Amino acid sequence: MLPQVANHILHHTTRAVAAAQNQAGHTLRNVLGFQTGSSTSQSSSPGLASWNNTTGSSGWGNGHAGAGGGARYHAGSRFYAGYTGPGRAIAQANASSADASITYADENDESRPVLVQPVIKSGRVPRKTRSRSHSFSLGSDAVATAQRAESFGVLQAVQQHARLHHAFAGPSRPEDLAEDVELSSRPSTPRLTRRNSTASTVSVSGPSDNELPPPRPVAPADPTDPAHPQTVLPPDLGTKSPGKRSRSSSLSSLPQAQDPFQVRARLVELRQPNYASTVDDWNAVIAGLISLRQPNEQPTEILQAYNDMITRSIMPDYRTYSTLISLLATRDEEVHRIVKSASSRIEKRHALGFSDHSEDFVDQQRIAAVRAEQNFDSAFKLFVSASVQRNIYLPMSVHLQLLDCCVRHQSIKQAIRVFSHLEKRGMATRAAVYARLLDVYTSLNDVEGARVVFEEFRKVCAQGKIDWDLAQLPAARAGHIRVWNSMIEAYLRASNPSAALGLLGEMLDTKAGAEFGPADVPAPSMSTYSTIVRCFCLAGDATSAISWFERLLDQGKPVESEWVPMIEPPQPSDFFWRETLDQLSELDRIEDVNRLFARYITRFENQANIPYFMRRIVYVANVQHLQTNEISAEDAGILLDQALSAIGPRKIWRFVLTDVYGREATRELVGMNAKYGRTEQAVDLLEELATYRRDGGTWPERGPYHTYPDESPDIVRSLSNLVIFDNGAPRELALSLALRIAKVWASRGIHINQALGDALLRAYSLAREQQERLPQLDAQDWEALAFSISSYGRTPSQDVRVPRALELLTDMARVGANPGQVSEGVIDGLIRPVVEEKGLEEVTALMENLGAEFAALLATPKTFSYIQPAEVPEPQSIHGAPELDIGPMRIDDHQSRYVDDVNMRVGKEDAASIAFQRFEKGAAMGIFPTPEVVGRLIECLGRASDMDKVGYLYGVAQNILSLLRDDKAALASGWAAIENAMIIARGHAGDGISADVHRVRLLEQGMTPNADAYGALIQCIKDTTDDTARALEYFHESQMRGVQPNVFLYNTTISKLAKARKAEYALELFNDMKKSGLTPSSITYGAVIAACCRVGDSVSAEALFEEMTTQPNFRPRVPPYNTMMQFYVQTKPNRSRFLHYFNRMTSAGIKPTAHSYKLILDCYGAIAPVDIKSMEKTFAQLVKEKSVTVQGSHWAALINAHGCVGKDLEKAIAVFNSIEKHPSTLASKAHLPDAVTYEALINVLVTLRRTDLIPDYLDRLRRSGVHMTAYIANLLIRGHAAAGEIERARAVFESLADPPVGVAAPNNHAPHNATSALRVPPHELVYREPSTWEAMVRAELGSGNREHALALISRVQERQYPESIVGRISGIMLDDAVSPWPSTPPSSVEHASGTHSPQ
């Protein structure tokens, strides 16, 4: 920490300051500790104690957050825009020290392929080294500038400094070129880039000052490797461009509007082998491609065009070099912003308690991907190549961009090389150059080197040799101020505040005032003070920083710009405020943060105008302080209230906390309120979070608890658990609070689970013990308690349902609550166990004592399954069932055993068929088994999908039931068995609608399907937009009605949750299953493993896999192995882990399935480094495998590997063209190529920007009788949008149809069996998928049509998609840079693998 510099200077300074120019300036100088020489009067303002500041989040470089990456690293993932600070006033003025602090040291840890580049020596006689001539064709002004620069000694002065890198010397010494020779003649080392289908890398080999550059490098050995670099080839300067150079003709060959297709058509033309092109032709194309490049998009296509030019021996000119260096420097700045923004998001999540957030993985992958790019290295090598050519004059803007890169990368050697070149060319005459050179030294904390540069700058200013544009005086003055600011920062970061404040004193005492000239000391500006405050914070001296900042608040005057020179102290700007509060929060000065924020908001008459970024800083600071400090409950309450106040009204939370995803960011606020005993405030927050709707409406009224759909419950459940539990132990809650939580859940249609049910029961017992009054409970409260008692009052160790039910009924009667207002199903579940234990007669007497309203509960017999109707309903009609001609009938016990004996044999495939034959033999003699046996036979036949026999047996069963008309109990029991069996049979046959009819028939008679029936109902749910919601309705209903789940019911429910990525709920049911004494099967483990994989939780997935394999009942099955392999191909690409699970699968004796082979092909063809030979070997093995048919997904994997990954369009097309006549296709008679393979090829064309070829393949698709899919349409939308043809993209989108509301889009997924005869006619409608809406929204946003995107989202909401889908699509609106070119678009293959268990 720095000394208390203000007091130090106040007591020890010996310098006298001239009389103040005005009172404000005089006061400020006294604040700094200076005294006036002509006056003995002192300011009445107190002196400051010290100065300092924190954090690396400040600076002019921390503007807009970058966005990029894509589905390869995260599905549906989103990147949010942070606050965009003020732009740099003068050429990125006041470059942040934080910007320079980010290093890329980890990049060198990777092993990278080296392209050997032979050095070709020049054949010409080397000339003697001579001093540089000034007879360049620069014009008179340029010559004068060069001559004036000849006396500059900056480079020489810097080289005399012992700590400098002495290898770089002045231009007049030949020996100083040795380093350059070594640098440029060394073979270049290509770098890996982001691992996606459009990846490329720049590797530039630069020549030395006295050698010709080497020729183009040898082509990569393995061009199919997606991580293998594409190099930027240095030119062979000894080769002339073919053809006549005609700049005007080459430029005119491209349209001025830069039509994407015409630009790329021109590029294709230039690539023709015998086409005579010029450098101007290529420059025009490169310029056109740059104009088409989206923000944050890798410049792969542009660099490849440059490489193509070099391979044709066409020498770049100044325009080529300038364009490419500027492009790479711009990309380097984008990468810096992306890394900074993603790192900031991760830090904020950790500050808010999300240390294991799933989005951390996405951001980390993105950071690793962009850091692998070597844009600065490539740009600098191009610069070196250009700088040795005497006829190449790069513009000043390019040099400044390179120096900015040097600041970001702390590259002093490269900065000196750029400065040396500027001096040679007589261009080192701008303040901006010196400022950047100072920033490089400051980033390395080399204050002596910075001082040498600064003194030389003052010297050339005094000599009048610095540029000074009278037409742009504000910019010229800002440039000088920036140089002084940089030196002040260098002194402060080197713990030399006296020197820093001495410079400030000189600026305050400048004789020229605010109208200073080039030879004068500049006056300070707001940027000067922000630099000082920031540096104090960075040094940890928050007290000094706060003192300076508050004095500016007290004395400062408003200014228009932070670069306006003024002697009077300025009022801090919003950016200055943001930077200061952000850094103080990093220093954990929470009291100061809150105090300053309270002062800040007084500036706004309307609190709605407070910037979101300021609210976010204060909220995160308070929450982080609570997390990292032990404080009293009273103090914690103050900070919690401050945090809640900071984020403002509920409607803006998602904007304030956008970096950490809105609702989730309030998690710690809820938990900490509960932790510090503020449970009521915690529940208040929970209610605000759950009940808020963006449209201002309220959530609809709900039905009984057992009919609630599940509407995105994860956040509400997790937040509720923070209140219900205290570090895993149940928290003591007041009954009113527990019931409020239940109402929150009810408002969102969330079923009460075990945790909340237990909390309600504990709170209810506590209330009765404390004799709390209960009249304030309404019907919904009583229903929640009744439901909790009936559903969760029974545990493996005890059953308290009956005593709790009696207590509840008694309390309801005592306070006059009407039980009739509680839903019938809940009352049924509450009273049934009481009737079972005490008998109907005793319960009836009890109800009569409680009152007429309670006695009425027993008046309807259907409430209880043990009181059956006198007659059974008419049987459900079955279409196509044969007429029955049955003679005399009787039920025979021997026949029952005879049929049931074979039917119940486990593992016998034809058991049901044999049992049916026995049934028919008995029927011919007029003897029949009992209805229960018939029901079991119906179940088995349904599992075998023999529905004709099922229909026949259902009809016969009605006749059998008629034999029991005199035994009402047997009649009802038999009827229920048959109806229950029909649910199971039709459910297993996939006929969910008919199965549900039988369920309703049972419920209408007060009966309940068993666990197998509910499991079958859940299993057959399909083709809806939210299968999981319906599945949970069935499961919750079964639990409300007292059904004890079995393994099958748990398995089907967990599987549905897994496919919907509801891992938390799936694991909750998995644990409930084990607690109930049931042993999970391999299917169970496969489902929960899949759930963990779908949310990226590799640790849990691997742990569960190991647990599965150690179970006594473990039977190796394909799906769990395929799930793990798919995880390490698609979610977290890792070939070694993939092969680990593949080897374990084969060791377990499991043969790979078709899906397994697809994954193996992806393992070798999509994970870097690509292994084409192993992929082709795998495919050959697949072709030989008799038990597995080659499918479209296998061909798609090959096409993707060659096209999207390897960038080999010809090979991808060749693979596609070989499919139809391939021996495997002919042998299997499969309908190939299918939609999946067409989709793969079109994806290649879109990825490689060859959308001009798509129409031919679409026509071929139609002619071949293949039905188009929504996933192909998605690619067309992206391709048109990226080409700037938004109208064509809209036409594709509008040509698709919408399925009925609530129904999933049909016909978009190829059948698993390629030989299937169920082909969709090509003329059938193509229905939109959710991903189609997402693609169109991205296309509109990427084209700048935000209103169109909002209209699309409104249409999505009208479609009544699940909230998770609507949220994912609408979340695109928050992306800071939306591109229609995600690296891996959603495909039908991926979608299918996500919705079907891999086999």
# chains A, B, ... in the order shown; residues from 1 in each chain; ligands from 1
$ residues_around --residues "Ile488 in chain A" --least-positions-apart "6" --cutoff "9 Å" --atoms "only C-alpha atoms" --output "PyMOL selection string"
chain A and resi 497+499-504+528+531-532
$ write_last_selection --atoms "N, CA and C atoms" --output "mmCIF file, in the first residue's frame"
data_model
loop_
_atom_site.group_PDB
_atom_site.id
_atom_site.type_symbol
_atom_site.label_atom_id
_atom_site.label_comp_id
_atom_site.auth_asym_id
_atom_site.auth_seq_id
_atom_site.Cartn_x
_atom_site.Cartn_y
_atom_site.Cartn_z
ATOM 1 N N PRO A 497 4.421 8.196 -5.730
ATOM 2 C CA PRO A 497 3.352 9.201 -5.841
ATOM 3 C C PRO A 497 3.885 10.614 -5.867
ATOM 4 N N ALA A 499 6.482 11.842 -7.458
ATOM 5 C CA ALA A 499 6.768 12.209 -8.837
ATOM 6 C C ALA A 499 5.482 12.394 -9.631
ATOM 7 N N ALA A 500 4.503 11.538 -9.380
ATOM 8 C CA ALA A 500 3.233 11.625 -10.105
ATOM 9 C C ALA A 500 2.525 12.930 -9.796
ATOM 10 N N LEU A 501 2.438 13.252 -8.515
ATOM 11 C CA LEU A 501 1.750 14.477 -8.135
ATOM 12 C C LEU A 501 2.555 15.711 -8.509
ATOM 13 N N GLY A 502 3.863 15.549 -8.656
ATOM 14 C CA GLY A 502 4.673 16.652 -9.169
ATOM 15 C C GLY A 502 4.279 16.983 -10.594
ATOM 16 N N LEU A 503 4.056 15.962 -11.407
ATOM 17 C CA LEU A 503 3.597 16.196 -12.776
ATOM 18 C C LEU A 503 2.232 16.875 -12.790
ATOM 19 N N LEU A 504 1.335 16.426 -11.905
ATOM 20 C CA LEU A 504 0.022 17.056 -11.830
ATOM 21 C C LEU A 504 0.161 18.528 -11.433
ATOM 22 N N THR A 528 -7.219 12.887 -16.300
ATOM 23 C CA THR A 528 -6.045 12.923 -15.428
ATOM 24 C C THR A 528 -6.417 12.492 -14.018
ATOM 25 N N THR A 531 -7.322 8.834 -13.789
ATOM 26 C CA THR A 531 -6.102 8.016 -13.788
ATOM 27 C C THR A 531 -5.517 7.934 -12.384
ATOM 28 N N ILE A 532 -5.465 9.063 -11.695
ATOM 29 C CA ILE A 532 -4.891 9.083 -10.343
ATOM 30 C C ILE A 532 -5.732 8.244 -9.390
#
$ residues_around --residues "range 1006-1019 of chain A" --least-positions-apart "3" --cutoff "8 Å" --atoms "only C-alpha atoms" --output "PyMOL selection string"
chain A and resi 862-865+976+980-981+983-984+987-988+992+995-996+999+1002-1003+1030-1031+1034-1035+1038+1041+1043-1046+1048-1050+1052-1053
$ atom_distance --atom1 "CA of Asp1298 in chain A" --atom2 "CA of Ala1335 in chain A"
15.3 Å
$ atom_distance --atom1 "CA of Asp332 in chain A" --atom2 "CA of Leu402 in chain A"
9.8 Å
$ atom_distance --atom1 "CA of Tyr619 in chain A" --atom2 "CA of His336 in chain A"
26.2 Å
$ closest_residue --among "A:Ser1174, A:Thr1269, A:Ser343, A:Asn1274" --to "Glu1324 in chain A" --atoms "only C-alpha atoms"
A:Thr1269
$ residues_around --residues "Phe383 in chain A" --least-positions-apart "6" --cutoff "9 Å" --atoms "only C-alpha atoms" --output "PDB file with all heavy atoms, in the first residue's frame"
ATOM      1  N   GLY A 206       7.711 -13.305 -41.177  1.00  0.00           N
ATOM      2  CA  GLY A 206       8.192 -12.002 -41.616  1.00  0.00           C
ATOM      3  C   GLY A 206       9.644 -12.046 -42.019  1.00  0.00           C
ATOM      4  O   GLY A 206      10.470 -12.726 -41.435  1.00  0.00           O
ATOM      5  N   TYR A 321      -1.119  -5.144 -47.233  1.00  0.00           N
ATOM      6  CA  TYR A 321      -0.553  -5.191 -45.889  1.00  0.00           C
ATOM      7  C   TYR A 321      -1.400  -4.385 -44.902  1.00  0.00           C
ATOM      8  O   TYR A 321      -1.714  -4.831 -43.805  1.00  0.00           O
ATOM      9  CB  TYR A 321       0.874  -4.658 -45.911  1.00  0.00           C
ATOM     10  CG  TYR A 321       1.898  -5.630 -46.449  1.00  0.00           C
ATOM     11  CD1 TYR A 321       2.613  -5.349 -47.604  1.00  0.00           C
ATOM     12  CD2 TYR A 321       2.150  -6.830 -45.779  1.00  0.00           C
ATOM     13  CE1 TYR A 321       3.559  -6.242 -48.093  1.00  0.00           C
ATOM     14  CE2 TYR A 321       3.105  -7.716 -46.262  1.00  0.00           C
ATOM     15  CZ  TYR A 321       3.801  -7.423 -47.415  1.00  0.00           C
ATOM     16  OH  TYR A 321       4.735  -8.303 -47.884  1.00  0.00           O
ATOM     17  N   SER A 322      -1.748  -3.176 -45.293  1.00  0.00           N
ATOM     18  CA  SER A 322      -2.513  -2.316 -44.387  1.00  0.00           C
ATOM     19  C   SER A 322      -3.837  -2.963 -44.007  1.00  0.00           C
ATOM     20  O   SER A 322      -4.241  -2.970 -42.834  1.00  0.00           O
ATOM     21  CB  SER A 322      -2.768  -0.955 -45.042  1.00  0.00           C
ATOM     22  OG  SER A 322      -1.564  -0.300 -45.341  1.00  0.00           O
ATOM     23  N   ILE A 325      -3.158  -6.240 -41.716  1.00  0.00           N
ATOM     24  CA  ILE A 325      -2.649  -5.916 -40.383  1.00  0.00           C
ATOM     25  C   ILE A 325      -3.751  -5.269 -39.554  1.00  0.00           C
ATOM     26  O   ILE A 325      -3.951  -5.605 -38.378  1.00  0.00           O
ATOM     27  CB  ILE A 325      -1.420  -4.997 -40.478  1.00  0.00           C
ATOM     28  CG1 ILE A 325      -0.251  -5.741 -41.137  1.00  0.00           C
ATOM     29  CG2 ILE A 325      -1.011  -4.499 -39.088  1.00  0.00           C
ATOM     30  CD1 ILE A 325       0.949  -4.853 -41.441  1.00  0.00           C
ATOM     31  N   LEU A 394       3.006   2.100 -44.712  1.00  0.00           N
ATOM     32  CA  LEU A 394       1.789   1.796 -43.980  1.00  0.00           C
ATOM     33  C   LEU A 394       1.260   3.056 -43.313  1.00  0.00           C
ATOM     34  O   LEU A 394       2.048   3.867 -42.805  1.00  0.00           O
ATOM     35  CB  LEU A 394       2.065   0.729 -42.914  1.00  0.00           C
ATOM     36  CG  LEU A 394       2.594  -0.610 -43.425  1.00  0.00           C
ATOM     37  CD1 LEU A 394       2.906  -1.527 -42.243  1.00  0.00           C
ATOM     38  CD2 LEU A 394       1.596  -1.266 -44.361  1.00  0.00           C
ATOM     39  N   HIS A 399       0.061   1.586 -37.590  1.00  0.00           N
ATOM     40  CA  HIS A 399       1.089   1.573 -36.555  1.00  0.00           C
ATOM     41  C   HIS A 399       0.479   1.734 -35.169  1.00  0.00           C
ATOM     42  O   HIS A 399       0.895   1.066 -34.206  1.00  0.00           O
ATOM     43  CB  HIS A 399       2.111   2.705 -36.815  1.00  0.00           C
ATOM     44  CG  HIS A 399       2.952   2.502 -38.035  1.00  0.00           C
ATOM     45  ND1 HIS A 399       2.550   2.908 -39.290  1.00  0.00           N
ATOM     46  CD2 HIS A 399       4.176   1.913 -38.199  1.00  0.00           C
ATOM     47  CE1 HIS A 399       3.489   2.611 -40.175  1.00  0.00           C
ATOM     48  NE2 HIS A 399       4.492   2.000 -39.546  1.00  0.00           N
ATOM     49  N   LEU A 402      -1.026  -1.492 -34.059  1.00  0.00           N
ATOM     50  CA  LEU A 402       0.007  -2.436 -33.625  1.00  0.00           C
ATOM     51  C   LEU A 402       0.519  -2.076 -32.228  1.00  0.00           C
ATOM     52  O   LEU A 402       0.756  -2.947 -31.390  1.00  0.00           O
ATOM     53  CB  LEU A 402       1.162  -2.451 -34.619  1.00  0.00           C
ATOM     54  CG  LEU A 402       0.908  -3.205 -35.933  1.00  0.00           C
ATOM     55  CD1 LEU A 402       2.045  -2.952 -36.914  1.00  0.00           C
ATOM     56  CD2 LEU A 402       0.747  -4.703 -35.675  1.00  0.00           C
ATOM     57  N   VAL A 418       8.206  -1.254 -33.873  1.00  0.00           N
ATOM     58  CA  VAL A 418       7.259  -0.381 -34.569  1.00  0.00           C
ATOM     59  C   VAL A 418       7.729   1.062 -34.493  1.00  0.00           C
ATOM     60  O   VAL A 418       7.716   1.803 -35.485  1.00  0.00           O
ATOM     61  CB  VAL A 418       5.841  -0.535 -33.959  1.00  0.00           C
ATOM     62  CG1 VAL A 418       4.882   0.480 -34.595  1.00  0.00           C
ATOM     63  CG2 VAL A 418       5.313  -1.951 -34.176  1.00  0.00           C
TER      64      VAL A 418
END
$ select_by_dssp --residues "range 549-689 of chain A" --states "alpha helix (DSSP H)" --output "PyMOL selection string"
chain A and resi 549-555+574-586+590-600+612-628+633-647+653-656+667-675+679-689
